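Chemist: Pasting in a structure now, in structure tokens, and then I'll have a few things to ask.
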Amino acid sequence: MVESRAVRIALRIATALAVSFLYMPLVILAIYAFNPSRLLVWPPTGFTLGWFGEAAANPAVIRAVINSLLAGALATSIALVLGTLAAYAVQRYRFFGRESISFLLVLPIALPGVVTGIALRTTFTTFGVDFGLMTIVIGHATFCVVIVYNNVIARLRRLPRSPEEASADLGADAATTFRRITLPGMRTALLSGGLLAFALSFDEVIVTIFTAGPGTQTIPMWIYQAIGRPTELPVVNVVALVLVLLSVIPVWLAQRIAGGEAASLSR
Amino acid sequence: MPAIRLEGLVKHFGGEPGRRAPAGGGTAGGGVGGAAGGSPGGSAQNEAIVAVAGIDLEIVDGEFFSMLGPSGSGKTTTLRMIAGFERPTAGRIVLHGRDVTDLPPFERDVNTVFQDYALFPHMSVGENVAYGLMVRKVPRPEREVRVADALRMVRLEGYERRRPGQLSGGQRQRVALARALVNRPRVLLLDEPLGALDLKLREEMQIELKAIQQAVGITFIYVTHDQEEALTMSDRLAVFNRGRIEQLGTPADVYERPATRFVAGFVGTSNLLTGDSARAIIGSAGTFTVRPEKIHLVDPAATPGPDEASATGTIREVVYLGPDTRYIVALDAGGELVVTQQNLATSSMEALAAKGRVVRLTWKRQHNLPVGDG
Ligand SMILES: Nc1ncnc2c1ncn2[C@@H]1O[C@H](COP(=O)(O)OP(=O)(O)O)[C@@H](O)[C@H]1O
Ligand SMILES: [Mg+2]
């Protein structure tokens with residue numbers, strides 16, 4: 001489309017404003033992470049990597065990071081298995097209640113986190129489940145399953161059916177066909193779905209608060225309680241910066257996988 | 001014993017409450033062979049589409065058998081029921097004396113060449129062809145020999161390591177063929193296997209397919225909507241229309257003695273004489289067809305021989321086709337006939353100048369073919 005020069009300039013300014021609006025807080029956060037002053041003073045008084053060392057030496061931070069990684073990995077694993085099987089069943093077979101199941105499966109993502117959180121908490125209490133890492137994993141799995149399910153079902157819709165039929169025609173039973181034909185076709189969808197699910201789990205706060213026991217902390221929870229203690233602010237900044245990187249990388253990877261896949265499919 | 005016997009085969013789509021069917025177009029095994037629970041639901045409110053309306057058929061072992069018919073006439077659905085991708089609404093499928101109606105595809109001794117080839121994109125050509133042997137646990141040394149043989153048969157030796165994405169349409173078609181043939185099925189099903197190829201390649205592959213079929217002696221069931229393809233390749237063919245077989249016979253039977261008006265029109269040009277013009281020209285009531293190449297164009301004053309039928313008319317249209325010219329003649333007695341004449345001594349100028357001329361058509365009475373009104 002051809003626009004006038006003025007329109008083009010105006011659009012560029014608007015884009016620049018939007019981007020700086022979105023990223024300014026992150027930049028400020030990054031600057032403070034390297035600022036030697038223990039308090040939030042502007043302009044920064046120098047440059048130091050000292051807070052990184054302090055964060056790495058903080059046992060509460062380390063434990064929280066390990067908890068977050070574990071919870072993300074476990075919730076994602078559960079989601080990959082359940083989400084994939086559910087998507088395969090809904091997309092490839094016709095059975096009673098198929099449409100309602102499809103709806104029920106994606107509903108949890110629309111529920112407010114507090115509702116999911118309180119419902120889970122009540123359930124765990126009812127059945128006398130001890131709160132801890134496993135309850136966090138179950139809480140996170142509720143939305144991770146949806147992410148994987150959506151990714152996989154979108155892929156299955158685009159995958160042609162005939163290679164699966166050809167596989168059956170050539171003598172493979174349903175399980176072999178799934179393993180050798182369907183699964184390789186879904187590989188990138190699983191990868192990008194898994195990465196997104198992990199990223200979501202990694203910075204989830206609300207459901208985590210409801211499902212964590214008193215002794216279990218994830219890294220977002222640690223940050224949330226640490227902002228109340230001014231002396232820990234520089235470490236919070238450092239941890240938050242690392243968190244930004246850790247959640248951006250999977251999302252970026254997932255996007256790249258999806259993008260590359262789209263390009264190769266349309267070729 | 002026939003290779004295949006179809007008994008009263010019927011397929012409806014939609015309106016099948018409680019039947020556990022694959023979601024749209026069938027799928028791998030489980031959906032076909034699995035038990036049908038008696039669960040309510042389905043889409044009973046939708047009117048069922050009758051794709052196949054009752055097919056009875058016996059196909060002889062080693063035969064090249066074609067299913068010919070227009071798009072939507074139920075050929076693919078019939079083939080998919082034989083392969084096991086669709087469960088018949090009614091009827092039985094018997095393969096070499098064994099009732100396979102309720103067996104999933106992977107337990108039937110047939111293989112399919114799909115119209116879109118359905119190659120496995122993440123596997124090499126060699127892995128594609130070896131797939132059937134691999135899942136049937138044929139030992140690796142034998143597998144390798146048979147894959148090499150199959151690729152040689154379709155003239156793709158040396159292509160083992162390529163990916164399907166790196167092949168041309170014709171090459172993919174050959175891989176699909178090799179992948180099916182390597183299993184030595186007793187019956188091979190082919191659904192418009194040449195439909196996606198250009199004309200020249202298609203004609204080459206027709207000859208090649210026929211040669212392969214004769215070399216391996218496997219029963220071929222070949223679905224096509226191309227009458228020429230069906231006539232040139234088949235031992236016998238079935239003409240499908242609206243989910244039924246209109247005529248079953250050799251190519252010569254079907255072409256020279258079309259059983260119904262539909263067959264006369266679909267296989268060749270429908271030169272139909274009906275009602276008053278049939279009475280005037282042939283001398284009896286009913287519907288007759290005359291193949292365009294059997295008719296001669298002569299001077300209107302000429303007298304036809306005693307064994308000839310004859311009619312006068314005006315050339316309404318001339319289509320020059322290179323070796324032949326097609327004349328569309330409006331008959332004085334009513335109706336039209338298409339006449340094709342070889343351009344033995346005629347130039348295109350002369351042929352095209354014939355438009356508007358008054359002519360007499362003559363043909364041997366033996367070429368008047370009565371057709372039913374089905
Ligand atoms: N999975 C399906 N669901 C609903 N209708 C179908 C399905 N497959 C085929 N049909 C219908 O059945 C009829 C016959 O189709 P098909 O067997 O594909 O014909 P052909 O191969 O002769 O072109 C068509 O009207 C088609 O629309
Ligand atoms: Mg078809």
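Ordering of the structure tokens sets the chain letters (A, B, ...), residue numbers begin anew at 1 in every chain, and ligands are numbered from 1 in the order given.
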Just want the residues within 7 Å of ligand 2, written as a list of chain:residue names, counting only C-alpha atoms and all ligand atoms.

Modeler: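 Based on only C-alpha atoms and all ligand atoms, ligand 2 is surrounded within 7 Å by B:Ser71, B:Gly72, B:Lys75, B:Thr76, B:Asp191.
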
Chemist: Keeping N, CA, C and O atoms, export the residues of the selection given above as an mmCIF file, in the first residue's frame.

Modeler:
```cif
data_model
loop_
_atom_site.group_PDB
_atom_site.id
_atom_site.type_symbol
_atom_site.label_atom_id
_atom_site.label_comp_id
_atom_site.auth_asym_id
_atom_site.auth_seq_id
_atom_site.Cartn_x
_atom_site.Cartn_y
_atom_site.Cartn_z
ATOM 1 N N SER B 71 -17.476 -37.890 -11.028
ATOM 2 C CA SER B 71 -17.140 -37.505 -9.663
ATOM 3 C C SER B 71 -18.383 -37.618 -8.785
ATOM 4 O O SER B 71 -19.469 -37.204 -9.180
ATOM 5 N N GLY B 72 -18.224 -38.221 -7.614
ATOM 6 C CA GLY B 72 -19.343 -38.348 -6.689
ATOM 7 C C GLY B 72 -20.188 -39.586 -6.911
ATOM 8 O O GLY B 72 -21.208 -39.769 -6.262
ATOM 9 N N LYS B 75 -17.187 -44.268 -6.311
ATOM 10 C CA LYS B 75 -16.037 -45.140 -6.592
ATOM 11 C C LYS B 75 -15.066 -45.163 -5.420
ATOM 12 O O LYS B 75 -14.674 -46.233 -4.944
ATOM 13 N N THR B 76 -14.665 -43.979 -4.956
ATOM 14 C CA THR B 76 -13.708 -43.909 -3.855
ATOM 15 C C THR B 76 -14.270 -44.586 -2.610
ATOM 16 O O THR B 76 -13.570 -45.337 -1.928
ATOM 17 N N ASP B 191 -6.621 -45.454 -6.465
ATOM 18 C CA ASP B 191 -7.658 -44.421 -6.567
ATOM 19 C C ASP B 191 -7.147 -43.266 -7.426
ATOM 20 O O ASP B 191 -6.371 -42.440 -6.953
#
```

Chemist: Go through the chains and note each residue within 10 Å of ligand 1, using only C-alpha atoms and all ligand atoms, then give the set as JSON, numbers by chain.

Modeler: {"B": [11, 12, 13, 14, 21, 22, 23, 24, 25, 26, 48, 49, 50, 51, 52, 53, 67, 68, 69, 70, 71, 72, 73, 74, 75, 76, 77, 78, 79, 80, 81, 86, 191, 192, 223, 224, 225, 240, 241, 242, 243]}

Chemist: Could you check the closest approach to chain A for each of B:Ser124, B:Gln173, B:Gln366, B:Asn111 and tell me which residue wins, using only C-alpha atoms?

Modeler: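 Closest to chain A, using only C-alpha atoms: B:Asn111.
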
Chemist: So how far away is CA of Lys294 in chain B from CA of Leu344 in chain B, in Å?

Modeler: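 According to the coordinates, CA of Leu344 in chain B and CA of Lys294 in chain B are separated by 15.4 Å.
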
Chemist: Quick one: pull the distance between CA of Gly139 in chain A and CA of Ile249 in chain A, Å, one decimal.

Modeler: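 Atom-to-atom, CA of Gly139 in chain A and CA of Ile249 in chain A are spaced 23.2 Å apart.
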
Chemist: Using only C-alpha atoms, which residues sit within 9 Å of Ala240 in chain A once same-chain residues fewer than 6 positions away are excluded, as JSON, numbers by chain?

Modeler: {"A": [29, 30, 33, 219, 220, 223]}

Chemist: So which residues of range 213-252 of chain A fall under alpha helix (DSSP H) by DSSP, listed as a list in words?

Modeler: Ile219, Pro220, Met221, Trp222, Ile223, Tyr224, Gln225, Ala226, Leu233, Pro234, Val235, Val236, Asn237, Val238, Val239, Ala240, Leu241, Val242, Leu243, Val244, Leu245, Leu246, Ser247, Val248, Ile249, Pro250, Val251 and Trp252 of chain A

Chemist: Which of range 135-361 of chain B end up as strand (DSSP E or B) when DSSP is run on this backbone - answer as a PyMOL selection string?

Modeler: chain B and resi 187-191+219-224+236-241+244-249+260+272-273+288-289+296-298+308-320+324-331+336-342+358-361

Chemist: Please report as a Markdown table every residue of chain A lying within 7 Å of chain B, along with the nearest atom pair and their distance in Å (one decimal), using only C-alpha atoms.

Modeler:
```
| residue | atom | partner | partner_atom | distance |
| --- | --- | --- | --- | --- |
| A:Gln91 | CA | B:Ala23 | CA | 6.9 |
| A:Arg92 | CA | B:Ala23 | CA | 5.5 |
| A:Tyr93 | CA | B:Pro22 | CA | 4.8 |
| A:Arg94 | CA | B:Ala23 | CA | 5.1 |
| A:Phe95 | CA | B:Arg20 | CA | 6.1 |
| A:Phe96 | CA | B:Gly41 | CA | 6.4 |
| A:Arg161 | CA | B:Thr27 | CA | 6.6 |
| A:Ser162 | CA | B:Ala118 | CA | 5.3 |
| A:Pro163 | CA | B:Ala118 | CA | 4.7 |
| A:Glu164 | CA | B:Ala28 | CA | 5.3 |
| A:Glu165 | CA | B:Ala28 | CA | 4.9 |
| A:Ala166 | CA | B:Ala118 | CA | 6.4 |
| A:Ala168 | CA | B:Phe106 | CA | 5.0 |
| A:Asp169 | CA | B:Pro105 | CA | 5.2 |
| A:Leu170 | CA | B:Gly132 | CA | 4.6 |
| A:Gly171 | CA | B:Phe106 | CA | 4.0 |
| A:Ala172 | CA | B:Phe106 | CA | 5.8 |
| A:Asp173 | CA | B:Gly29 | CA | 6.1 |
| A:Ala174 | CA | B:Gly29 | CA | 5.3 |
| A:Thr177 | CA | B:Ala28 | CA | 6.9 |
```

Chemist: Write the selection just made, keeping C-alpha atoms, as a compact mmCIF listing (two decimals), in the first residue's frame?

Modeler:
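Below is the file that was written, again.txt:
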```txt
# COMPACT_ATOMS: atom_id res chain seq x y z
CA GLN A 91 -9.58 -34.85 16.50
CA ARG A 92 -9.31 -38.37 15.12
CA TYR A 93 -12.22 -40.26 16.63
CA ARG A 94 -15.89 -39.61 16.90
CA PHE A 95 -17.48 -40.55 20.18
CA PHE A 96 -20.37 -39.56 22.38
CA ARG A 161 -5.21 -37.99 7.25
CA SER A 162 -4.05 -40.10 4.35
CA PRO A 163 -0.56 -40.99 5.66
CA GLU A 164 -2.22 -42.51 8.73
CA GLU A 165 -4.51 -44.48 6.49
CA ALA A 166 -1.55 -45.53 4.35
CA ALA A 168 -2.82 -48.86 8.50
CA ASP A 169 -3.09 -50.07 4.92
CA LEU A 170 0.52 -51.24 5.06
CA GLY A 171 -0.15 -53.34 8.13
CA ALA A 172 0.48 -51.06 11.11
CA ASP A 173 -1.97 -51.21 14.01
CA ALA A 174 -3.31 -48.03 15.63
CA THR A 177 0.62 -45.69 13.29
```

Chemist: Please report, as CSV, each residue of range 221-251 of chain A lying at most 7 Å from range 187-209 of chain A, together with the nearest pair of atoms and the separation in Å rounded to one decimal; use only C-alpha atoms, and order rows by chain and ascending residue number.

Modeler:
```
residue,atom,partner,partner_atom,distance
A:Met221,CA,A:Val205,CA,6.4
A:Ser247,CA,A:Ala199,CA,5.1
A:Pro250,CA,A:Leu195,CA,5.1
A:Val251,CA,A:Leu196,CA,5.8
```
